[in-house]
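Read the structure below first, then the notes.
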Amino acid sequence: MFGANVMWGLMSPVAKIVMSGAVITPLLVTDFRIAGACVLFWILGLFMPRERVAPIDKLRLVGAGLLGVGLNQGSFIFGVQLSSPGEASIITTTMPMWVMILAALILREPITLKKLGGILLGACGALLLVWSTQTRGATGSNPVLGDLLVLGAQLSYALYLTLYKNFIKRYSLVTLMKWMFLSATVLALPVSIGTLTDTKWSAITSGEILGMVYVVVCATFFSYLLVMIGQKALRPTLVGMYNYVQPIVASIVGIYLGLDSFTPMKFIAVGLIFTGVWLVTISKSRADMERLAAESDC
């Protein structure tokens with residue numbers, strides 16, 4: 001889990017550098033990430049036990065690919081280009097809170113005082129971060145819009161986790177990733193065909209190619225594999241705690257490379273977001289409530 005979150009944290013500054021040359025666009029990064037990971041997952045699937053996917057489930061996986069891969073990764077990459085890498089990774093830490101809110105609305109999960117307090121603190125931190133970005137003009141052509149796009153990426157993935165909570169238990173992670181990334185690749189082609197034909201491929205430098213290789217192989221393919229191993233070995237609460245590694249890594253690298261700055265206002269925002277996510281993480285779920293009620297009845 002630590003390795004996966006380090007790679008995700010490094011992705012923001014790496015993607016920022018790759019797109020700074022104006023040759024590789026956010027849409028092109030998204031295309032490479034989705035299609036590249038798709039090829040790698042299908043190759044890996046050749047060495048895994050074969051699972052049959054029902055036709056109706058393949059249709060469901062199209063929606064999962066759109067929410068969990070296409071909109072999530074596309075919004076994130078566009079947001080990173082417009083904003084700063086440190087802020088993009090900080091906003092990603094709010095995703096567990098959006099999962100909790102959607103789970104309450106869709107799955108009727110209880111909202112405890114800890115969860116409510118976490119929402120309020122996290123929301124205050126996110127608003128403070130956007131406000132400080134707007135007033136200081138952080139690295140990026142439109143940091144406020146960039147922050148909102150990154151936030152939209154978290155909401156998209158949270159909606160995917162909520163709507164497909166029970167469905168994803170039917171198949172292994174490799175099978176899910178194969179079909180989700182395939183459907184996302186097919187859906188992205190009509191939107192990105194113009195970018196693919198207009199790109200000056202000869203102008204892409206070796207450094208940009210290496211950056212793209214990192215985004216596809218490490219920050220997408222290997223990170224999902226490491227998460228799968230970590231989820232089997234660790235408690236869910238501990239798995240969630242490793243998410244805090246991302247903004248730390250991105251901010252350190254971004255500051256070192258001169259892509260980002262860290263102000264006292266952002267420090268306060270980070271503290272509020274981390275505290276909010278921590279409160280949501282330690283609060284009890286619906287299953288915990290039912291289990292405690294059953295034990296008290298006994």
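Following the order of the structure tokens, first chain is A, next is B, and so on, with residues numbered from 1 inside each chain and ligands from 1 in the order they appear.
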Counting only C-alpha atoms, what is within 10 Å of Ala4 in chain A, bar same-chain residues fewer than 6 positions away, as a PyMOL selection string? chain A and resi 218-228+230+242-243+245-246
Please save C-alpha atoms of the selected residues as a JSON list (two decimals), in the first residue's frame.
[["chain", "number", "residue", "atom", "x", "y", "z"],
["A", 218, "CYS", "CA", 3.84, 2.49, -12.40],
["A", 219, "ALA", "CA", 1.07, 4.94, -11.52],
["A", 220, "THR", "CA", -1.66, 2.85, -13.17],
["A", 221, "PHE", "CA", -0.75, -0.79, -13.77],
["A", 222, "PHE", "CA", 1.62, -1.66, -10.90],
["A", 223, "SER", "CA", -0.19, 0.56, -8.38],
["A", 224, "TYR", "CA", -3.45, -1.36, -8.91],
["A", 225, "LEU", "CA", -1.61, -4.65, -8.44],
["A", 226, "LEU", "CA", 0.03, -3.46, -5.21],
["A", 227, "VAL", "CA", -3.32, -2.24, -3.89],
["A", 228, "MET", "CA", -4.82, -5.68, -4.59],
["A", 230, "GLY", "CA", -2.36, -4.78, 0.25],
["A", 242, "TYR", "CA", -1.89, 4.97, 3.44],
["A", 243, "ASN", "CA", -3.80, 7.42, 1.23],
["A", 245, "VAL", "CA", 1.19, 9.36, 1.66],
["A", 246, "GLN", "CA", 0.11, 10.86, -1.69]]
Within 12 Å of range 16-26 of chain A, counting only C-alpha atoms, which residues show up once you throw out same-chain ones fewer than 4 positions away? Write them as a PDB file with N, CA, C and O atoms, in the first residue's frame, please.
ATOM      1  N   LEU A  10       3.639  10.563  -6.778  1.00  0.00           N
ATOM      2  CA  LEU A  10       4.613  11.034  -7.757  1.00  0.00           C
ATOM      3  C   LEU A  10       3.982  11.340  -9.109  1.00  0.00           C
ATOM      4  O   LEU A  10       4.550  12.074  -9.911  1.00  0.00           O
ATOM      5  N   MET A  11       2.796  10.787  -9.358  1.00  0.00           N
ATOM      6  CA  MET A  11       2.182  10.956 -10.669  1.00  0.00           C
ATOM      7  C   MET A  11       1.838  12.415 -10.954  1.00  0.00           C
ATOM      8  O   MET A  11       1.978  12.877 -12.094  1.00  0.00           O
ATOM      9  N   SER A  12       1.404  13.173  -9.945  1.00  0.00           N
ATOM     10  CA  SER A  12       1.016  14.566 -10.182  1.00  0.00           C
ATOM     11  C   SER A  12       2.167  15.403 -10.720  1.00  0.00           C
ATOM     12  O   SER A  12       2.035  16.042 -11.775  1.00  0.00           O
ATOM     13  N   THR A  30      -4.325  11.000 -20.816  1.00  0.00           N
ATOM     14  CA  THR A  30      -5.433  10.133 -20.420  1.00  0.00           C
ATOM     15  C   THR A  30      -5.561   8.943 -21.362  1.00  0.00           C
ATOM     16  O   THR A  30      -5.760   7.801 -20.924  1.00  0.00           O
ATOM     17  N   ASP A  31      -5.446   9.192 -22.669  1.00  0.00           N
ATOM     18  CA  ASP A  31      -5.533   8.109 -23.649  1.00  0.00           C
ATOM     19  C   ASP A  31      -4.450   7.063 -23.426  1.00  0.00           C
ATOM     20  O   ASP A  31      -4.712   5.852 -23.431  1.00  0.00           O
ATOM     21  N   PHE A  32      -3.212   7.541 -23.254  1.00  0.00           N
ATOM     22  CA  PHE A  32      -2.096   6.616 -23.043  1.00  0.00           C
ATOM     23  C   PHE A  32      -2.271   5.830 -21.754  1.00  0.00           C
ATOM     24  O   PHE A  32      -1.978   4.628 -21.694  1.00  0.00           O
ATOM     25  N   ARG A  33      -2.723   6.509 -20.712  1.00  0.00           N
ATOM     26  CA  ARG A  33      -2.874   5.835 -19.421  1.00  0.00           C
ATOM     27  C   ARG A  33      -3.931   4.747 -19.494  1.00  0.00           C
ATOM     28  O   ARG A  33      -3.731   3.631 -19.013  1.00  0.00           O
ATOM     29  N   GLN A  73      -9.944   9.491 -14.411  1.00  0.00           N
ATOM     30  CA  GLN A  73      -8.576   9.795 -14.836  1.00  0.00           C
ATOM     31  C   GLN A  73      -8.522  11.024 -15.734  1.00  0.00           C
ATOM     32  O   GLN A  73      -7.584  11.818 -15.641  1.00  0.00           O
ATOM     33  N   GLY A  74      -9.528  11.199 -16.601  1.00  0.00           N
ATOM     34  CA  GLY A  74      -9.534  12.367 -17.472  1.00  0.00           C
ATOM     35  C   GLY A  74      -9.637  13.661 -16.687  1.00  0.00           C
ATOM     36  O   GLY A  74      -8.874  14.611 -16.927  1.00  0.00           O
ATOM     37  N   SER A  75     -10.574  13.734 -15.744  1.00  0.00           N
ATOM     38  CA  SER A  75     -10.733  14.932 -14.933  1.00  0.00           C
ATOM     39  C   SER A  75      -9.488  15.208 -14.103  1.00  0.00           C
ATOM     40  O   SER A  75      -9.075  16.362 -13.928  1.00  0.00           O
ATOM     41  N   PHE A  76      -8.860  14.143 -13.599  1.00  0.00           N
ATOM     42  CA  PHE A  76      -7.667  14.320 -12.773  1.00  0.00           C
ATOM     43  C   PHE A  76      -6.510  14.895 -13.592  1.00  0.00           C
ATOM     44  O   PHE A  76      -5.848  15.847 -13.160  1.00  0.00           O
ATOM     45  N   ILE A  77      -6.265  14.343 -14.777  1.00  0.00           N
ATOM     46  CA  ILE A  77      -5.149  14.808 -15.596  1.00  0.00           C
ATOM     47  C   ILE A  77      -5.367  16.248 -16.046  1.00  0.00           C
ATOM     48  O   ILE A  77      -4.440  17.086 -16.006  1.00  0.00           O
ATOM     49  N   PHE A  78      -6.591  16.587 -16.474  1.00  0.00           N
ATOM     50  CA  PHE A  78      -6.875  17.963 -16.854  1.00  0.00           C
ATOM     51  C   PHE A  78      -6.716  18.896 -15.660  1.00  0.00           C
ATOM     52  O   PHE A  78      -6.203  20.012 -15.783  1.00  0.00           O
ATOM     53  N   GLY A  79      -7.146  18.426 -14.490  1.00  0.00           N
ATOM     54  CA  GLY A  79      -7.014  19.245 -13.291  1.00  0.00           C
ATOM     55  C   GLY A  79      -5.577  19.493 -12.902  1.00  0.00           C
ATOM     56  O   GLY A  79      -5.206  20.599 -12.486  1.00  0.00           O
ATOM     57  N   VAL A  80      -4.732  18.475 -13.030  1.00  0.00           N
ATOM     58  CA  VAL A  80      -3.306  18.626 -12.705  1.00  0.00           C
ATOM     59  C   VAL A  80      -2.660  19.664 -13.612  1.00  0.00           C
ATOM     60  O   VAL A  80      -1.830  20.465 -13.168  1.00  0.00           O
ATOM     61  N   GLN A  81      -3.039  19.677 -14.897  1.00  0.00           N
ATOM     62  CA  GLN A  81      -2.444  20.653 -15.814  1.00  0.00           C
ATOM     63  C   GLN A  81      -2.820  22.078 -15.435  1.00  0.00           C
ATOM     64  O   GLN A  81      -1.998  23.004 -15.529  1.00  0.00           O
ATOM     65  N   LEU A  82      -4.050  22.277 -14.995  1.00  0.00           N
ATOM     66  CA  LEU A  82      -4.527  23.618 -14.689  1.00  0.00           C
ATOM     67  C   LEU A  82      -4.145  24.076 -13.291  1.00  0.00           C
ATOM     68  O   LEU A  82      -4.092  25.275 -13.020  1.00  0.00           O
ATOM     69  N   SER A  83      -3.907  23.124 -12.386  1.00  0.00           N
ATOM     70  CA  SER A  83      -3.601  23.464 -11.006  1.00  0.00           C
ATOM     71  C   SER A  83      -2.156  23.104 -10.683  1.00  0.00           C
ATOM     72  O   SER A  83      -1.311  23.022 -11.571  1.00  0.00           O
ATOM     73  N   SER A  84      -1.869  22.889  -9.388  1.00  0.00           N
ATOM     74  CA  SER A  84      -0.529  22.489  -8.969  1.00  0.00           C
ATOM     75  C   SER A  84      -0.564  21.040  -8.496  1.00  0.00           C
ATOM     76  O   SER A  84      -1.593  20.574  -7.992  1.00  0.00           O
ATOM     77  N   PRO A  85       0.534  20.295  -8.630  1.00  0.00           N
ATOM     78  CA  PRO A  85       0.532  18.881  -8.258  1.00  0.00           C
ATOM     79  C   PRO A  85       0.271  18.638  -6.787  1.00  0.00           C
ATOM     80  O   PRO A  85      -0.370  17.666  -6.413  1.00  0.00           O
ATOM     81  N   GLY A  86       0.761  19.521  -5.929  1.00  0.00           N
ATOM     82  CA  GLY A  86       0.539  19.343  -4.496  1.00  0.00           C
ATOM     83  C   GLY A  86      -0.926  19.439  -4.131  1.00  0.00           C
ATOM     84  O   GLY A  86      -1.458  18.623  -3.384  1.00  0.00           O
ATOM     85  N   ALA A  88      -3.480  19.021  -6.144  1.00  0.00           N
ATOM     86  CA  ALA A  88      -4.215  17.911  -6.754  1.00  0.00           C
ATOM     87  C   ALA A  88      -4.177  16.683  -5.852  1.00  0.00           C
ATOM     88  O   ALA A  88      -5.203  16.026  -5.630  1.00  0.00           O
ATOM     89  N   THR A 139       0.707  27.701  -9.062  1.00  0.00           N
ATOM     90  CA  THR A 139       1.199  27.247 -10.361  1.00  0.00           C
ATOM     91  C   THR A 139       0.068  26.634 -11.177  1.00  0.00           C
ATOM     92  O   THR A 139      -0.597  25.708 -10.734  1.00  0.00           O
ATOM     93  N   GLY A 140      -0.155  27.142 -12.394  1.00  0.00           N
ATOM     94  CA  GLY A 140      -1.202  26.622 -13.252  1.00  0.00           C
ATOM     95  C   GLY A 140      -1.948  27.758 -13.917  1.00  0.00           C
ATOM     96  O   GLY A 140      -2.065  28.864 -13.373  1.00  0.00           O
ATOM     97  N   SER A 141      -2.479  27.509 -15.112  1.00  0.00           N
ATOM     98  CA  SER A 141      -3.170  28.561 -15.850  1.00  0.00           C
ATOM     99  C   SER A 141      -4.527  28.891 -15.263  1.00  0.00           C
ATOM    100  O   SER A 141      -5.007  30.018 -15.389  1.00  0.00           O
ATOM    101  N   GLY A 146      -8.825  23.854 -12.071  1.00  0.00           N
ATOM    102  CA  GLY A 146      -8.060  22.624 -11.909  1.00  0.00           C
ATOM    103  C   GLY A 146      -8.422  21.886 -10.632  1.00  0.00           C
ATOM    104  O   GLY A 146      -8.601  20.665 -10.625  1.00  0.00           O
ATOM    105  N   SER A 192     -11.050  11.557 -28.490  1.00  0.00           N
ATOM    106  CA  SER A 192      -9.630  11.877 -28.599  1.00  0.00           C
ATOM    107  C   SER A 192      -9.040  11.647 -29.976  1.00  0.00           C
ATOM    108  O   SER A 192      -7.835  11.864 -30.167  1.00  0.00           O
ATOM    109  N   GLY A 194      -9.188  13.323 -32.677  1.00  0.00           N
ATOM    110  CA  GLY A 194      -8.595  14.541 -33.222  1.00  0.00           C
ATOM    111  C   GLY A 194      -7.244  14.847 -32.608  1.00  0.00           C
ATOM    112  O   GLY A 194      -6.308  15.263 -33.306  1.00  0.00           O
ATOM    113  N   THR A 195      -7.123  14.634 -31.295  1.00  0.00           N
ATOM    114  CA  THR A 195      -5.852  14.872 -30.616  1.00  0.00           C
ATOM    115  C   THR A 195      -4.787  13.909 -31.091  1.00  0.00           C
ATOM    116  O   THR A 195      -3.624  14.288 -31.278  1.00  0.00           O
ATOM    117  N   LEU A 196      -5.165  12.656 -31.311  1.00  0.00           N
ATOM    118  CA  LEU A 196      -4.204  11.655 -31.758  1.00  0.00           C
ATOM    119  C   LEU A 196      -3.651  11.972 -33.147  1.00  0.00           C
ATOM    120  O   LEU A 196      -2.468  11.759 -33.424  1.00  0.00           O
ATOM    121  N   ASP A 198      -3.588  15.071 -34.574  1.00  0.00           N
ATOM    122  CA  ASP A 198      -2.961  16.393 -34.628  1.00  0.00           C
ATOM    123  C   ASP A 198      -1.656  16.476 -33.836  1.00  0.00           C
ATOM    124  O   ASP A 198      -0.923  17.457 -33.956  1.00  0.00           O
ATOM    125  N   THR A 199      -1.367  15.486 -33.019  1.00  0.00           N
ATOM    126  CA  THR A 199      -0.160  15.523 -32.188  1.00  0.00           C
ATOM    127  C   THR A 199       1.106  15.424 -33.042  1.00  0.00           C
ATOM    128  O   THR A 199       1.186  14.598 -33.955  1.00  0.00           O
ATOM    129  N   LYS A 200       2.083  16.276 -32.754  1.00  0.00           N
ATOM    130  CA  LYS A 200       3.376  16.226 -33.436  1.00  0.00           C
ATOM    131  C   LYS A 200       4.263  15.206 -32.722  1.00  0.00           C
ATOM    132  O   LYS A 200       5.022  15.537 -31.812  1.00  0.00           O
ATOM    133  N   TRP A 201       4.158  13.962 -33.145  1.00  0.00           N
ATOM    134  CA  TRP A 201       4.826  12.871 -32.447  1.00  0.00           C
ATOM    135  C   TRP A 201       6.348  13.022 -32.476  1.00  0.00           C
ATOM    136  O   TRP A 201       7.029  12.628 -31.526  1.00  0.00           O
ATOM    137  N   SER A 202       6.875  13.602 -33.522  1.00  0.00           N
ATOM    138  CA  SER A 202       8.328  13.756 -33.623  1.00  0.00           C
ATOM    139  C   SER A 202       8.875  14.771 -32.621  1.00  0.00           C
ATOM    140  O   SER A 202      10.078  14.784 -32.343  1.00  0.00           O
ATOM    141  N   ALA A 203       7.992  15.630 -32.101  1.00  0.00           N
ATOM    142  CA  ALA A 203       8.437  16.671 -31.163  1.00  0.00           C
ATOM    143  C   ALA A 203       8.476  16.180 -29.719  1.00  0.00           C
ATOM    144  O   ALA A 203       8.947  16.894 -28.836  1.00  0.00           O
ATOM    145  N   ILE A 204       7.986  14.986 -29.469  1.00  0.00           N
ATOM    146  CA  ILE A 204       7.984  14.445 -28.109  1.00  0.00           C
ATOM    147  C   ILE A 204       9.411  14.046 -27.727  1.00  0.00           C
ATOM    148  O   ILE A 204      10.075  13.315 -28.455  1.00  0.00           O
ATOM    149  N   THR A 205       9.861  14.522 -26.580  1.00  0.00           N
ATOM    150  CA  THR A 205      11.231  14.254 -26.136  1.00  0.00           C
ATOM    151  C   THR A 205      11.319  12.913 -25.412  1.00  0.00           C
ATOM    152  O   THR A 205      10.290  12.333 -25.008  1.00  0.00           O
ATOM    153  N   SER A 206      12.548  12.437 -25.221  1.00  0.00           N
ATOM    154  CA  SER A 206      12.750  11.170 -24.510  1.00  0.00           C
ATOM    155  C   SER A 206      12.323  11.281 -23.054  1.00  0.00           C
ATOM    156  O   SER A 206      11.811  10.320 -22.465  1.00  0.00           O
ATOM    157  N   GLY A 207      12.508  12.461 -22.459  1.00  0.00           N
ATOM    158  CA  GLY A 207      12.067  12.659 -21.081  1.00  0.00           C
ATOM    159  C   GLY A 207      10.562  12.557 -20.945  1.00  0.00           C
ATOM    160  O   GLY A 207      10.052  11.993 -19.968  1.00  0.00           O
ATOM    161  N   GLU A 208       9.846  13.112 -21.912  1.00  0.00           N
ATOM    162  CA  GLU A 208       8.380  13.028 -21.887  1.00  0.00           C
ATOM    163  C   GLU A 208       7.913  11.594 -22.092  1.00  0.00           C
ATOM    164  O   GLU A 208       6.918  11.168 -21.493  1.00  0.00           O
ATOM    165  N   ILE A 209       8.630  10.856 -22.920  1.00  0.00           N
ATOM    166  CA  ILE A 209       8.288   9.443 -23.122  1.00  0.00           C
ATOM    167  C   ILE A 209       8.487   8.653 -21.831  1.00  0.00           C
ATOM    168  O   ILE A 209       7.640   7.838 -21.445  1.00  0.00           O
ATOM    169  N   LEU A 210       9.592   8.910 -21.138  1.00  0.00           N
ATOM    170  CA  LEU A 210       9.843   8.229 -19.871  1.00  0.00           C
ATOM    171  C   LEU A 210       8.772   8.587 -18.844  1.00  0.00           C
ATOM    172  O   LEU A 210       8.337   7.730 -18.058  1.00  0.00           O
ATOM    173  N   GLY A 211       8.355   9.851 -18.841  1.00  0.00           N
ATOM    174  CA  GLY A 211       7.286  10.263 -17.929  1.00  0.00           C
ATOM    175  C   GLY A 211       5.990   9.535 -18.219  1.00  0.00           C
ATOM    176  O   GLY A 211       5.283   9.110 -17.296  1.00  0.00           O
ATOM    177  N   MET A 212       5.663   9.377 -19.499  1.00  0.00           N
ATOM    178  CA  MET A 212       4.451   8.660 -19.871  1.00  0.00           C
ATOM    179  C   MET A 212       4.541   7.187 -19.494  1.00  0.00           C
ATOM    180  O   MET A 212       3.553   6.590 -19.058  1.00  0.00           O
ATOM    181  N   VAL A 213       5.725   6.610 -19.657  1.00  0.00           N
ATOM    182  CA  VAL A 213       5.916   5.212 -19.259  1.00  0.00           C
ATOM    183  C   VAL A 213       5.670   5.062 -17.765  1.00  0.00           C
ATOM    184  O   VAL A 213       5.031   4.095 -17.321  1.00  0.00           O
ATOM    185  N   TYR A 214       6.154   6.025 -16.982  1.00  0.00           N
ATOM    186  CA  TYR A 214       5.931   5.966 -15.536  1.00  0.00           C
ATOM    187  C   TYR A 214       4.439   6.037 -15.209  1.00  0.00           C
ATOM    188  O   TYR A 214       3.926   5.262 -14.390  1.00  0.00           O
ATOM    189  N   VAL A 215       3.728   6.985 -15.848  1.00  0.00           N
ATOM    190  CA  VAL A 215       2.299   7.151 -15.573  1.00  0.00           C
ATOM    191  C   VAL A 215       1.519   5.880 -15.901  1.00  0.00           C
ATOM    192  O   VAL A 215       0.637   5.461 -15.141  1.00  0.00           O
ATOM    193  N   ALA A 250       3.760  14.199  -3.249  1.00  0.00           N
ATOM    194  CA  ALA A 250       3.572  15.163  -4.335  1.00  0.00           C
ATOM    195  C   ALA A 250       4.053  16.552  -3.943  1.00  0.00           C
ATOM    196  O   ALA A 250       4.680  17.258  -4.751  1.00  0.00           O
ATOM    197  N   VAL A 253       8.028  16.611  -3.759  1.00  0.00           N
ATOM    198  CA  VAL A 253       8.618  16.601  -5.097  1.00  0.00           C
ATOM    199  C   VAL A 253       8.290  17.894  -5.842  1.00  0.00           C
ATOM    200  O   VAL A 253       9.150  18.475  -6.524  1.00  0.00           O
ATOM    201  N   GLY A 254       7.033  18.359  -5.721  1.00  0.00           N
ATOM    202  CA  GLY A 254       6.638  19.581  -6.409  1.00  0.00           C
ATOM    203  C   GLY A 254       7.419  20.795  -5.940  1.00  0.00           C
ATOM    204  O   GLY A 254       7.838  21.637  -6.739  1.00  0.00           O
ATOM    205  N   LEU A 257      11.054  20.592  -7.218  1.00  0.00           N
ATOM    206  CA  LEU A 257      11.194  20.885  -8.642  1.00  0.00           C
ATOM    207  C   LEU A 257      10.731  22.299  -8.999  1.00  0.00           C
ATOM    208  O   LEU A 257      10.795  22.689 -10.159  1.00  0.00           O
ATOM    209  N   GLY A 258      10.239  23.041  -8.013  1.00  0.00           N
ATOM    210  CA  GLY A 258       9.779  24.391  -8.274  1.00  0.00           C
ATOM    211  C   GLY A 258       8.415  24.464  -8.925  1.00  0.00           C
ATOM    212  O   GLY A 258       8.036  25.504  -9.476  1.00  0.00           O
ATOM    213  N   LEU A 259       7.662  23.371  -8.856  1.00  0.00           N
ATOM    214  CA  LEU A 259       6.325  23.340  -9.458  1.00  0.00           C
ATOM    215  C   LEU A 259       5.238  23.767  -8.486  1.00  0.00           C
ATOM    216  O   LEU A 259       4.097  23.971  -8.876  1.00  0.00           O
ATOM    217  N   ASP A 260       5.561  23.908  -7.226  1.00  0.00           N
ATOM    218  CA  ASP A 260       4.546  24.159  -6.221  1.00  0.00           C
ATOM    219  C   ASP A 260       5.138  24.977  -5.092  1.00  0.00           C
ATOM    220  O   ASP A 260       6.366  25.104  -4.962  1.00  0.00           O
TER     221      ASP A 260
END
Near Leu61 in chain A, within 12 Å and counting only C-alpha atoms, which residues show up once chain neighbours fewer than 2 positions away are dropped, as JSON, numbers by chain? {"A": [53, 54, 55, 56, 57, 58, 59, 63, 64, 65, 66, 67, 68, 69, 70, 160, 163, 164, 167, 168, 170, 171, 175, 176, 177, 178, 179, 180, 181, 182, 183, 184]}
Leaving out Gly118 in chain A and any residue of its chain fewer than 4 positions from it, which residues lie within 10 Å of it when counting only C-alpha atoms, given as a short mmCIF file (atom, residue, chain, number, x, y, z; two decimals) with all heavy atoms, in the first residue's frame?
data_model
loop_
_atom_site.label_atom_id
_atom_site.label_comp_id
_atom_site.auth_asym_id
_atom_site.auth_seq_id
_atom_site.Cartn_x
_atom_site.Cartn_y
_atom_site.Cartn_z
N THR A 94 -9.84 13.63 -0.15
CA THR A 94 -11.24 13.81 0.23
C THR A 94 -12.13 12.69 -0.28
O THR A 94 -13.30 12.62 0.10
CB THR A 94 -11.78 15.16 -0.31
OG1 THR A 94 -11.78 15.12 -1.75
CG2 THR A 94 -10.90 16.31 0.14
N MET A 97 -14.49 10.68 1.98
CA MET A 97 -15.64 11.42 2.49
C MET A 97 -16.79 11.43 1.49
O MET A 97 -17.96 11.31 1.87
CB MET A 97 -15.23 12.85 2.84
CG MET A 97 -14.29 12.93 4.03
SD MET A 97 -13.98 14.62 4.57
CE MET A 97 -13.10 15.27 3.14
N THR A 112 -22.58 8.93 11.32
CA THR A 112 -22.35 9.13 12.74
C THR A 112 -21.80 10.53 12.99
O THR A 112 -21.52 11.29 12.06
CB THR A 112 -21.34 8.09 13.25
OG1 THR A 112 -20.08 8.29 12.58
CG2 THR A 112 -21.83 6.68 12.96
N LEU A 113 -21.67 10.89 14.27
CA LEU A 113 -21.12 12.19 14.61
C LEU A 113 -19.69 12.35 14.11
O LEU A 113 -19.28 13.42 13.66
CB LEU A 113 -21.16 12.39 16.13
CG LEU A 113 -22.56 12.59 16.74
CD1 LEU A 113 -22.46 12.70 18.26
CD2 LEU A 113 -23.22 13.84 16.17
N LYS A 114 -18.93 11.25 14.16
CA LYS A 114 -17.57 11.31 13.65
C LYS A 114 -17.56 11.55 12.15
O LYS A 114 -16.76 12.32 11.63
CB LYS A 114 -16.82 10.01 13.98
CG LYS A 114 -16.46 9.84 15.45
CD LYS A 114 -15.71 8.54 15.68
CE LYS A 114 -15.36 8.38 17.14
NZ LYS A 114 -14.66 7.09 17.40
N GLY A 122 -13.41 18.38 6.47
CA GLY A 122 -12.87 18.19 5.13
C GLY A 122 -13.39 19.24 4.15
O GLY A 122 -12.63 19.73 3.31
N ALA A 123 -14.68 19.58 4.25
CA ALA A 123 -15.25 20.60 3.37
C ALA A 123 -14.61 21.96 3.63
O ALA A 123 -14.28 22.69 2.68
CB ALA A 123 -16.76 20.68 3.57
N CYS A 124 -14.40 22.29 4.90
CA CYS A 124 -13.74 23.56 5.23
C CYS A 124 -12.31 23.57 4.67
O CYS A 124 -11.86 24.60 4.15
CB CYS A 124 -13.71 23.76 6.75
SG CYS A 124 -15.32 24.12 7.48
N LEU A 272 -6.97 20.27 8.15
CA LEU A 272 -8.42 20.08 8.22
C LEU A 272 -8.85 18.86 7.39
O LEU A 272 -9.68 18.06 7.84
CB LEU A 272 -9.13 21.33 7.71
CG LEU A 272 -9.05 22.57 8.60
CD1 LEU A 272 -9.66 23.77 7.89
CD2 LEU A 272 -9.75 22.33 9.93
N ILE A 273 -8.30 18.72 6.18
CA ILE A 273 -8.67 17.60 5.33
C ILE A 273 -8.23 16.28 5.95
O ILE A 273 -8.98 15.30 6.00
CB ILE A 273 -8.06 17.76 3.92
CG1 ILE A 273 -8.74 18.94 3.20
CG2 ILE A 273 -8.23 16.49 3.10
CD1 ILE A 273 -8.12 19.27 1.86
N PHE A 274 -6.99 16.22 6.43
CA PHE A 274 -6.50 14.99 7.04
C PHE A 274 -7.32 14.61 8.27
O PHE A 274 -7.66 13.45 8.47
CB PHE A 274 -5.03 15.17 7.45
CG PHE A 274 -4.07 15.00 6.30
CD1 PHE A 274 -4.52 14.83 5.01
CD2 PHE A 274 -2.71 15.02 6.51
CE1 PHE A 274 -3.65 14.68 3.95
CE2 PHE A 274 -1.81 14.87 5.47
CZ PHE A 274 -2.29 14.70 4.18
N THR A 275 -7.65 15.59 9.10
CA THR A 275 -8.45 15.32 10.29
C THR A 275 -9.84 14.82 9.91
O THR A 275 -10.36 13.88 10.51
CB THR A 275 -8.56 16.58 11.16
OG1 THR A 275 -7.25 17.05 11.49
CG2 THR A 275 -9.33 16.28 12.45
N GLY A 276 -10.42 15.46 8.89
CA GLY A 276 -11.75 15.03 8.44
C GLY A 276 -11.76 13.62 7.90
O GLY A 276 -12.63 12.81 8.24
N VAL A 277 -10.78 13.29 7.06
CA VAL A 277 -10.70 11.93 6.51
C VAL A 277 -10.43 10.92 7.61
O VAL A 277 -10.98 9.81 7.61
CB VAL A 277 -9.59 11.87 5.43
CG1 VAL A 277 -9.42 10.44 4.94
CG2 VAL A 277 -9.95 12.77 4.26
N TRP A 278 -9.60 11.28 8.59
CA TRP A 278 -9.30 10.37 9.70
C TRP A 278 -10.56 10.07 10.51
O TRP A 278 -10.82 8.92 10.87
CB TRP A 278 -8.23 10.99 10.60
CG TRP A 278 -7.95 10.17 11.83
CD1 TRP A 278 -7.28 8.99 11.90
CD2 TRP A 278 -8.36 10.48 13.17
NE1 TRP A 278 -7.24 8.54 13.19
CE2 TRP A 278 -7.89 9.43 14.00
CE3 TRP A 278 -9.06 11.54 13.74
CZ2 TRP A 278 -8.12 9.43 15.37
CZ3 TRP A 278 -9.28 11.54 15.11
CH2 TRP A 278 -8.81 10.49 15.91
N LEU A 279 -11.38 11.09 10.78
CA LEU A 279 -12.62 10.88 11.52
C LEU A 279 -13.57 9.97 10.76
O LEU A 279 -14.22 9.10 11.34
CB LEU A 279 -13.30 12.22 11.81
CG LEU A 279 -12.65 13.10 12.89
CD1 LEU A 279 -13.33 14.46 12.96
CD2 LEU A 279 -12.71 12.41 14.25
N VAL A 280 -13.66 10.17 9.44
CA VAL A 280 -14.52 9.31 8.62
C VAL A 280 -13.99 7.89 8.62
O VAL A 280 -14.75 6.92 8.68
CB VAL A 280 -14.60 9.87 7.18
CG1 VAL A 280 -15.33 8.88 6.27
CG2 VAL A 280 -15.31 11.21 7.17
N THR A 281 -12.68 7.74 8.59
CA THR A 281 -12.07 6.41 8.53
C THR A 281 -12.35 5.60 9.78
O THR A 281 -12.61 4.39 9.71
CB THR A 281 -10.55 6.53 8.32
OG1 THR A 281 -10.31 7.26 7.11
CG2 THR A 281 -9.90 5.16 8.20
N SER A 283 -14.83 5.97 11.94
CA SER A 283 -16.24 5.84 12.31
C SER A 283 -16.78 4.48 11.89
O SER A 283 -16.25 3.82 10.99
CB SER A 283 -17.06 6.95 11.67
OG SER A 283 -16.95 6.88 10.26
#
Run DSSP on the backbone and tell me which residues of range 156-238 of chain A come out as alpha helix (DSSP H); list them as a ChimeraX atom specification. /A:156-163,173-198,206-213,223-233,236-238
Between A:Leu161, A:Phe41, A:Met48, A:Leu189, single out the one closest to Ile106 in chain A, counting only C-alpha atoms.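 Answer, going by the shortest atom-to-atom distance: A:Leu161.
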Would you mind telling me which residue in A:Met95, A:Val144, A:Ile193, A:Ile119 lies nearest to Tyr157 in chain A when using only C-alpha atoms?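 Once distances to Tyr157 in chain A are computed over only C-alpha atoms, the minimum belongs to A:Met95.
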